[in-house]
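> Structure file input-v7.txt (compact mmCIF, C-alpha atoms) is given on the next line.
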```
# COMPACT_ATOMS: atom_id res chain seq x y z
CA MET J 184 -7.01 -19.39 -24.74
CA LYS J 185 -5.82 -16.76 -22.29
CA GLU J 186 -7.14 -16.84 -18.75
CA LYS J 187 -9.52 -13.99 -17.98
CA ARG J 188 -7.94 -11.83 -15.28
CA THR J 189 -10.12 -10.20 -12.64
CA LEU J 190 -8.71 -7.61 -10.26
CA GLY J 191 -9.59 -6.88 -6.68
CA ALA J 192 -8.09 -4.51 -4.13
CA ILE J 193 -7.18 -4.61 -0.45
CA VAL J 194 -6.84 -1.30 1.39
CA LEU J 195 -5.02 -1.47 4.72
CA ALA J 196 -6.74 0.72 7.31
CA ALA J 197 -6.48 -1.18 10.59
CA GLY J 198 -3.48 0.47 12.23
CA ARG J 199 -3.85 2.46 15.39
CA GLY J 200 -1.69 5.42 14.42
CA LYS J 201 -0.66 6.03 18.03
CA ARG J 202 1.37 9.14 17.23
CA MET J 203 -1.69 10.90 15.78
CA ASN J 204 -3.42 10.95 19.21
CA ALA J 205 -6.78 10.67 17.46
CA LYS J 206 -8.85 9.20 20.28
CA GLY J 207 -11.69 6.97 19.16
CA MET J 208 -10.88 7.62 15.49
CA ASN J 209 -8.74 5.77 13.02
CA LYS J 210 -6.21 8.09 11.35
CA VAL J 211 -7.61 7.31 7.88
CA THR J 212 -10.80 9.15 8.89
CA LEU J 213 -8.94 12.43 9.43
CA PHE J 214 -9.42 15.02 6.70
CA LEU J 215 -6.90 15.71 3.98
CA ALA J 216 -8.00 18.49 1.62
CA ASP J 217 -11.75 18.12 1.24
CA LYS J 218 -12.44 14.61 2.53
CA PRO J 219 -11.34 11.84 4.90
CA ILE J 220 -8.06 10.24 3.82
CA ILE J 221 -9.64 6.82 3.19
CA LEU J 222 -12.13 8.25 0.70
CA HIS J 223 -9.27 9.41 -1.54
CA ALA J 224 -8.17 5.76 -1.76
CA ILE J 225 -11.65 4.46 -2.56
CA GLU J 226 -12.27 7.09 -5.23
CA LEU J 227 -8.94 6.21 -6.83
CA LEU J 228 -9.92 2.54 -7.03
CA GLU J 229 -13.33 3.38 -8.47
CA LYS J 230 -11.71 5.47 -11.21
CA THR J 231 -9.60 2.47 -12.22
CA ASN J 232 -12.73 0.29 -12.37
CA LEU J 233 -11.77 -1.93 -9.44
CA LYS J 234 -15.10 -3.25 -8.19
CA HIS J 235 -13.99 -5.81 -5.60
CA ILE J 236 -12.66 -3.57 -2.82
CA VAL J 237 -11.84 -4.94 0.63
CA ILE J 238 -11.03 -2.48 3.44
CA VAL J 239 -9.14 -4.04 6.34
CA VAL J 240 -10.29 -2.38 9.55
CA GLY J 241 -9.17 -2.82 13.13
CA PHE J 242 -8.52 0.06 15.51
CA ALA J 243 -11.63 2.27 15.87
CA LYS J 244 -13.18 0.24 13.05
CA GLN J 245 -16.60 1.85 13.32
CA SER J 246 -15.12 5.29 12.60
CA VAL J 247 -13.98 3.93 9.22
CA ILE J 248 -17.12 1.93 8.44
CA ASN J 249 -19.40 4.87 9.23
CA ILE J 250 -17.96 7.15 6.53
CA ILE J 251 -17.87 4.61 3.69
CA LYS J 252 -21.18 4.33 1.85
CA ASN J 253 -19.87 2.51 -1.22
CA PRO J 254 -21.84 -0.67 -2.09
CA HIS J 255 -18.76 -2.23 -3.70
CA VAL J 256 -16.77 -2.14 -0.45
CA ILE J 257 -16.40 -5.21 1.74
CA PHE J 258 -14.95 -4.93 5.25
CA ALA J 259 -12.49 -7.39 6.76
CA GLU J 260 -11.49 -7.12 10.40
CA GLN J 261 -7.93 -7.60 11.58
CA ARG J 262 -8.76 -8.58 15.17
CA LYS J 263 -5.15 -8.55 16.31
CA ARG J 264 -2.85 -5.96 14.77
CA LEU J 265 0.04 -8.22 13.83
CA GLY J 266 1.53 -6.26 10.95
CA THR J 267 0.84 -5.60 7.29
CA GLY J 268 1.36 -9.20 6.19
CA HIS J 269 -1.24 -10.36 8.68
CA ALA J 270 -3.57 -7.55 7.58
CA VAL J 271 -3.42 -8.71 3.95
CA ARG J 272 -4.19 -12.28 5.07
CA SER J 273 -7.29 -10.91 6.82
CA GLY J 274 -8.29 -9.03 3.67
CA LEU J 275 -7.62 -11.92 1.32
CA GLU J 276 -10.21 -14.03 3.14
CA LYS J 277 -12.88 -11.60 1.94
CA ILE J 278 -11.72 -11.31 -1.67
CA PRO J 279 -14.43 -12.93 -3.84
CA PRO J 280 -13.68 -16.20 -5.66
CA GLY J 281 -12.56 -15.64 -9.24
CA VAL J 282 -10.37 -12.64 -8.45
CA THR J 283 -7.01 -13.54 -10.02
CA ASP J 284 -4.94 -10.51 -9.01
CA VAL J 285 -5.02 -8.20 -6.00
CA LEU J 286 -3.87 -4.59 -5.69
CA VAL J 287 -2.71 -3.75 -2.15
CA ILE J 288 -2.45 -0.13 -1.04
CA GLN J 289 -2.16 1.66 2.30
CA GLY J 290 -5.21 3.58 3.45
CA ASP J 291 -3.14 6.47 4.79
CA ASP J 292 -0.74 7.30 1.96
CA SER J 293 -2.37 6.54 -1.39
CA PHE J 294 -3.96 9.97 -1.90
CA PHE J 295 -1.17 11.10 -4.26
CA TYR J 296 -1.55 8.21 -6.70
CA ARG J 297 -3.24 9.24 -9.89
CA GLU J 298 -5.54 7.01 -11.90
CA SER J 299 -2.90 6.83 -14.66
CA ILE J 300 -0.27 5.44 -12.26
CA ILE J 301 -2.50 2.63 -10.99
CA SER J 302 -3.69 1.87 -14.53
CA GLU J 303 -0.08 1.63 -15.78
CA LEU J 304 0.86 -0.56 -12.82
CA VAL J 305 -2.02 -2.91 -13.61
CA LYS J 306 -1.15 -2.91 -17.32
CA LYS J 307 2.49 -3.81 -16.64
CA HIS J 308 1.52 -6.54 -14.18
CA LEU J 309 -0.88 -8.21 -16.61
CA ALA J 310 1.42 -7.86 -19.64
CA SER J 311 4.44 -9.31 -17.81
CA ASP J 312 2.44 -12.05 -16.07
CA ALA J 313 4.57 -11.38 -12.98
CA SER J 314 3.78 -12.90 -9.61
CA VAL J 315 4.19 -9.47 -8.05
CA THR J 316 4.51 -6.00 -9.52
CA PHE J 317 5.16 -3.04 -7.28
CA LEU J 318 5.53 0.71 -7.56
CA THR J 319 8.81 2.44 -6.78
CA ILE J 320 9.32 6.16 -6.37
CA HIS J 321 12.24 8.50 -5.74
CA VAL J 322 12.24 10.84 -2.75
CA ASN J 323 14.67 13.53 -1.69
CA ASN J 324 14.81 12.23 1.87
CA PRO J 325 14.52 8.42 2.01
CA PHE J 326 15.18 8.21 5.77
CA GLY J 327 13.20 5.41 7.40
CA LEU J 328 12.01 3.93 4.08
CA GLY J 329 12.81 0.65 2.31
CA ARG J 330 15.49 1.13 -0.38
CA ILE J 331 15.30 -0.72 -3.71
CA MET J 332 18.45 -2.72 -4.44
CA ARG J 333 19.03 -3.59 -8.11
CA ASP J 334 21.74 -5.32 -10.11
CA SER J 335 23.47 -3.77 -13.13
CA SER J 336 20.61 -4.85 -15.40
CA GLY J 337 17.97 -3.25 -13.18
CA LYS J 338 16.65 -6.48 -11.69
CA VAL J 339 15.40 -6.16 -8.12
CA LEU J 340 17.72 -7.87 -5.66
CA ALA J 341 16.08 -6.81 -2.40
CA VAL J 342 14.15 -4.16 -0.52
CA VAL J 343 16.44 -3.12 2.33
CA GLU J 344 14.91 -1.45 5.37
CA GLU J 345 16.61 1.53 7.01
CA LYS J 346 17.76 -0.37 10.08
CA ASP J 347 19.40 -3.06 7.94
CA ALA J 348 20.98 -0.78 5.32
CA THR J 349 24.67 0.00 4.98
CA ASP J 350 25.84 3.61 4.67
CA ALA J 351 26.07 3.17 0.89
CA GLU J 352 22.57 1.65 0.68
CA ARG J 353 21.12 4.53 2.70
CA LYS J 354 22.18 6.89 -0.09
CA ILE J 355 19.78 5.17 -2.50
CA ASN J 356 16.66 7.31 -2.94
CA GLU J 357 14.50 4.82 -4.87
CA ILE J 358 12.06 3.52 -2.29
CA ASN J 359 9.12 1.17 -1.85
CA PRO J 360 5.92 3.12 -0.99
CA ALA J 361 4.01 -0.18 -0.46
CA CYS J 362 1.78 -0.24 -3.55
CA TYR J 363 1.66 -3.76 -4.96
CA ILE J 364 -0.23 -6.06 -7.31
CA PHE J 365 0.01 -9.76 -6.53
CA LYS J 366 -1.36 -12.82 -8.23
CA SER J 367 -3.97 -14.23 -5.84
CA ASP J 368 -2.37 -17.68 -6.01
CA PHE J 369 0.98 -16.17 -5.02
CA LEU J 370 -0.59 -14.56 -1.95
CA LYS J 371 -2.35 -17.76 -0.94
CA LYS J 372 0.87 -19.73 -1.27
CA TYR J 373 3.35 -17.40 0.36
CA LEU J 374 1.50 -15.23 2.91
CA PRO J 375 1.52 -18.15 5.40
CA LYS J 376 5.30 -18.40 4.94
CA ILE J 377 6.04 -14.91 6.28
CA LYS J 378 7.89 -15.30 9.55
CA LYS J 379 7.11 -13.19 12.58
CA SER J 380 9.59 -10.42 13.33
CA PRO J 381 11.58 -11.38 16.44
CA VAL J 382 11.74 -7.69 17.36
CA THR J 383 8.10 -6.57 17.00
CA GLY J 384 6.20 -9.85 16.78
CA GLU J 385 4.58 -8.66 13.54
CA PHE J 386 4.34 -10.14 10.04
CA TYR J 387 5.58 -7.68 7.41
CA LEU J 388 4.22 -7.61 3.86
CA THR J 389 7.59 -6.43 2.50
CA ARG J 390 8.93 -9.87 3.37
CA LEU J 391 6.99 -11.19 0.35
CA ILE J 392 9.49 -9.50 -1.97
CA ASP J 393 12.33 -11.46 -0.32
CA ILE J 394 10.27 -14.65 -0.48
CA ALA J 395 9.55 -14.06 -4.19
CA ILE J 396 13.28 -13.61 -4.89
CA GLU J 397 14.21 -16.69 -2.84
CA ASN J 398 11.69 -18.81 -4.73
CA LYS J 399 12.58 -17.38 -8.16
CA GLU J 400 9.10 -15.97 -8.66
CA SER J 401 8.81 -13.28 -11.31
CA ILE J 402 8.98 -9.69 -10.04
CA GLU J 403 8.30 -6.49 -11.95
CA THR J 404 8.48 -2.88 -10.84
CA MET J 405 7.09 0.34 -12.21
CA ARG J 406 9.30 3.35 -11.60
CA ALA J 407 7.20 6.46 -11.08
CA GLY J 408 10.14 8.81 -10.49
CA PHE J 409 9.85 11.76 -8.11
CA LEU J 410 6.19 11.37 -7.29
CA PRO J 411 4.90 13.61 -4.47
CA TRP J 412 4.29 11.19 -1.59
CA ARG J 413 3.98 11.32 2.16
CA GLY J 414 3.15 8.59 4.65
CA VAL J 415 1.02 9.96 7.49
CA ASN J 416 1.90 8.88 11.01
CA THR J 417 1.94 12.17 12.93
CA LYS J 418 0.00 15.45 12.90
CA GLU J 419 3.07 17.14 11.43
CA GLU J 420 3.16 14.63 8.57
CA LEU J 421 -0.55 15.19 7.94
CA GLU J 422 0.10 18.93 7.68
CA GLU J 423 2.97 18.28 5.27
CA ALA J 424 0.78 15.93 3.22
CA GLU J 425 -1.89 18.61 3.05
CA ARG J 426 0.64 21.15 1.79
CA LEU J 427 2.03 18.76 -0.82
CA TYR J 428 -1.46 17.78 -1.92
CA ARG J 429 -2.49 21.43 -2.41
CA GLU J 430 0.68 22.16 -4.39
CA HIS J 431 0.33 19.04 -6.51
CA ASN J 432 -3.36 19.53 -7.26
CA GLY J 433 -3.50 23.32 -7.38
CA ARG J 434 -5.87 23.30 -4.44
CA LYS J 435 -6.28 26.18 -2.01
CA GLN J 436 -8.06 24.41 0.88
CA ASP J 437 -6.76 25.02 4.34
CA TYR J 438 -5.59 22.18 6.48
CA VAL J 439 -8.62 20.76 8.29
CA LYS J 440 -7.92 20.13 11.97
```
Would you mind giving the structure from this file in structure tokens?

Amino acid sequence: MKEKRTLGAIVLAAGRGKRMNAKGMNKVTLFLADKPIILHAIELLEKTNLKHIVIVVGFAKQSVINIIKNPHVIFAEQRKRLGTGHAVRSGLEKIPPGVTDVLVIQGDDSFFYRESIISELVKKHLASDASVTFLTIHVNNPFGLGRIMRDSSGKVLAVVEEKDATDAERKINEINPACYIFKSDFLKKYLPKIKKSPVTGEFYLTRLIDIAIENKESIETMRAGFLPWRGVNTKEELEEAERLYREHNGRKQDYVK
């Protein structure tokens, strides 16, 4: 008899976003198109019937909590901002018992994902029974983003960050936009094994891909091709995201300052 799989989601929304200069507000509460950025993420999860949603809050947490009126949402606080790996550990503590698999997305860059993409990612993860399945996309300018390294058969060998990449690796335009599904047991086992970065003192979620490879855990990817995508860390990037969003969705709203 097959195990019944139950999905939950963790949305990372604790970061300060220093370069946005949004005093007293978390950057995920800024408007993109017709609503705060974080609400795009929540609506996406609702469309894919994910009922167990945990939002990890931290910087200006009340600004995030105040705009979310969804009864399915649970809040987890990341008291010390020690990186994305630490944020997921904070969120995992609030995931209800019985949730077998957890989707992890970023609160500030998931507004371009369509319901069909998340549904296909979930479908592939469950069908393959992988420990981790993550989305990859192609971008014209991969500067600053983690490149996907594969062998001749297409198997993932590593996710190489910009600062660690060779000149040849920097030419790769398949990147990791940080959209993952993990088995809950995998997270519980390996999140504590992420080592702190000696440079920043943070625990990075991307390290889990390396840990999975090192421990011969099963990894799957879903290639979404040239998907419009834009991480938002500055006002200029928010303006670019707004433009891309309008073009992609046929919207005519002006950028909301």
> I need the residue nearest Arg429 of chain J from this list: J:Ile278, J:Ala216, J:Val237, J:Val315. Use all atoms listed in the file for the distance.
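With all atoms listed in the file as the atom set, the closest residue is J:Ala216.
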> Go through J:Thr283, J:Ala424, J:Ala243, J:Ile358 and flag the residue nearest Asn323 of chain J, using all atoms listed in the file for the distances.
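Of J:Thr283, J:Ala424, J:Ala243, J:Ile358, the one nearest Asn323 of chain J, counting all atoms listed in the file, is J:Ile358.
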> Show me the residues around (5.9, -8.8, 11.7) - criterion: an atom at most 8 Å away, all atoms listed in the file counted - as number ranges by chain.
J: 265-269, 378-381, 383-387
> Extract, using all atoms listed in the file, all DNA, RNA and protein residues at most 9 Å from segment 346-350 of chain J, discarding same-chain residues fewer than 6 positions from it, and format them as a ChimeraX atom specification.
/J:327,329-330
> With C-alpha atoms retained, could you export that selection as an mmCIF file, keeping the file's coordinate frame?

```cif
data_model
loop_
_atom_site.group_PDB
_atom_site.id
_atom_site.type_symbol
_atom_site.label_atom_id
_atom_site.label_comp_id
_atom_site.auth_asym_id
_atom_site.auth_seq_id
_atom_site.Cartn_x
_atom_site.Cartn_y
_atom_site.Cartn_z
ATOM 1 C CA GLY J 327 13.200 5.410 7.400
ATOM 2 C CA GLY J 329 12.810 0.650 2.310
ATOM 3 C CA ARG J 330 15.490 1.130 -0.380
#
```
> Could you check which of J:Lys338, J:His308, J:Arg426, J:Arg272 is closest to Leu374 of chain J, using all atoms listed in the file?
J:Arg272
> Find the residue from J:Ser273, J:Ser299, J:Ser311, J:Ser246 that sits nearest to Pro375 of chain J; use all atoms listed in the file when measuring.
J:Ser273
> Which residues of segment 274-364 of chain J come within 9 Å of segment 191-194 of chain J, and for each one, what is the closest pair of atoms and their distance in Å to one decimal, counting all atoms listed in the file, sorted by chain and residue number, as JSON lines?

```
{"residue": "J:Gly274", "atom": "CA", "partner": "J:Ile193", "partner_atom": "CA", "distance": 6.1}
{"residue": "J:Leu275", "atom": "CA", "partner": "J:Ile193", "partner_atom": "CA", "distance": 7.5}
{"residue": "J:Ile278", "atom": "CA", "partner": "J:Gly191", "partner_atom": "CA", "distance": 7.0}
{"residue": "J:Pro279", "atom": "CA", "partner": "J:Gly191", "partner_atom": "CA", "distance": 8.3}
{"residue": "J:Val282", "atom": "CA", "partner": "J:Gly191", "partner_atom": "CA", "distance": 6.1}
{"residue": "J:Thr283", "atom": "CA", "partner": "J:Gly191", "partner_atom": "CA", "distance": 7.9}
{"residue": "J:Asp284", "atom": "CA", "partner": "J:Gly191", "partner_atom": "CA", "distance": 6.3}
{"residue": "J:Val285", "atom": "CA", "partner": "J:Gly191", "partner_atom": "CA", "distance": 4.8}
{"residue": "J:Leu286", "atom": "CA", "partner": "J:Ala192", "partner_atom": "CA", "distance": 4.5}
{"residue": "J:Val287", "atom": "CA", "partner": "J:Ile193", "partner_atom": "CA", "distance": 4.9}
{"residue": "J:Ile288", "atom": "CA", "partner": "J:Val194", "partner_atom": "CA", "distance": 5.2}
{"residue": "J:Gln289", "atom": "CA", "partner": "J:Val194", "partner_atom": "CA", "distance": 5.6}
{"residue": "J:Gly290", "atom": "CA", "partner": "J:Val194", "partner_atom": "CA", "distance": 5.5}
{"residue": "J:Ile364", "atom": "CA", "partner": "J:Ala192", "partner_atom": "CA", "distance": 8.6}
```
> For a quick check of understanding, using all atoms listed in the file, which of J:Ile331, J:Val342, J:Leu215, J:Leu421 has the smallest distance to Arg406 of chain J?
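That would be J:Ile331, the residue with the smallest distance to Arg406 of chain J.
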> Pick the closest to Phe369 of chain J from J:Val382, J:Ala395, J:Leu309, J:Ala351: which is it, counting only C-alpha atoms?
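Using only C-alpha atoms, the shortest distance to Phe369 of chain J belongs to J:Ala395.
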> Would you compute the distance between atom CA of Leu213 of chain J and atom CA of Ala407 of chain J? Give it in Å to one decimal.
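That distance, rounded to one decimal, is 26.8 Å.
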> Could you work out an axis-aligned box for segment 216-224 of chain J, taking every atom the file lists and adding 4 Å on each side, and report centre and edge lengths in Å to one decimal, as AutoDock Vina command-line options?

```
--center_x -10.2 --center_y 12.1 --center_z 1.6 --size_x 12.4 --size_y 20.7 --size_z 14.7
```
> For the point (-13.8, 2.1, -7.7) in the file's frame, write as a list in words all residues with an atom no more than 12 Å away, counting all atoms listed in the file.
Leu190, Gly191, Ala192, Ile193, Val194, Leu222, His223, Ala224, Ile225, Glu226, Leu227, Leu228, Glu229, Lys230, Thr231, Asn232, Leu233, Lys234, His235, Ile236, Val237, Asn253, Pro254, His255, Val256, Glu298 and Ile301 of chain J
> The selected residues should be written to file as a PDB file, in the coordinates of the input (atoms: C-alpha atoms).

```pdb
ATOM      1  CA  LEU J 190      -8.710  -7.610 -10.260  1.00  0.00           C
ATOM      2  CA  GLY J 191      -9.590  -6.880  -6.680  1.00  0.00           C
ATOM      3  CA  ALA J 192      -8.090  -4.510  -4.130  1.00  0.00           C
ATOM      4  CA  ILE J 193      -7.180  -4.610  -0.450  1.00  0.00           C
ATOM      5  CA  VAL J 194      -6.840  -1.300   1.390  1.00  0.00           C
ATOM      6  CA  LEU J 222     -12.130   8.250   0.700  1.00  0.00           C
ATOM      7  CA  HIS J 223      -9.270   9.410  -1.540  1.00  0.00           C
ATOM      8  CA  ALA J 224      -8.170   5.760  -1.760  1.00  0.00           C
ATOM      9  CA  ILE J 225     -11.650   4.460  -2.560  1.00  0.00           C
ATOM     10  CA  GLU J 226     -12.270   7.090  -5.230  1.00  0.00           C
ATOM     11  CA  LEU J 227      -8.940   6.210  -6.830  1.00  0.00           C
ATOM     12  CA  LEU J 228      -9.920   2.540  -7.030  1.00  0.00           C
ATOM     13  CA  GLU J 229     -13.330   3.380  -8.470  1.00  0.00           C
ATOM     14  CA  LYS J 230     -11.710   5.470 -11.210  1.00  0.00           C
ATOM     15  CA  THR J 231      -9.600   2.470 -12.220  1.00  0.00           C
ATOM     16  CA  ASN J 232     -12.730   0.290 -12.370  1.00  0.00           C
ATOM     17  CA  LEU J 233     -11.770  -1.930  -9.440  1.00  0.00           C
ATOM     18  CA  LYS J 234     -15.100  -3.250  -8.190  1.00  0.00           C
ATOM     19  CA  HIS J 235     -13.990  -5.810  -5.600  1.00  0.00           C
ATOM     20  CA  ILE J 236     -12.660  -3.570  -2.820  1.00  0.00           C
ATOM     21  CA  VAL J 237     -11.840  -4.940   0.630  1.00  0.00           C
ATOM     22  CA  ASN J 253     -19.870   2.510  -1.220  1.00  0.00           C
ATOM     23  CA  PRO J 254     -21.840  -0.670  -2.090  1.00  0.00           C
ATOM     24  CA  HIS J 255     -18.760  -2.230  -3.700  1.00  0.00           C
ATOM     25  CA  VAL J 256     -16.770  -2.140  -0.450  1.00  0.00           C
ATOM     26  CA  GLU J 298      -5.540   7.010 -11.900  1.00  0.00           C
ATOM     27  CA  ILE J 301      -2.500   2.630 -10.990  1.00  0.00           C
TER      28      ILE J 301
END
```
> Could you state the separation of atom CA of Phe317 of chain J and atom CA of Met405 of chain J in Å, given to one decimal place?
6.3 Å
> Could you check how far atom CA of Leu427 of chain J sits from atom CA of Lys206 of chain J, in Å to one decimal?
25.6 Å
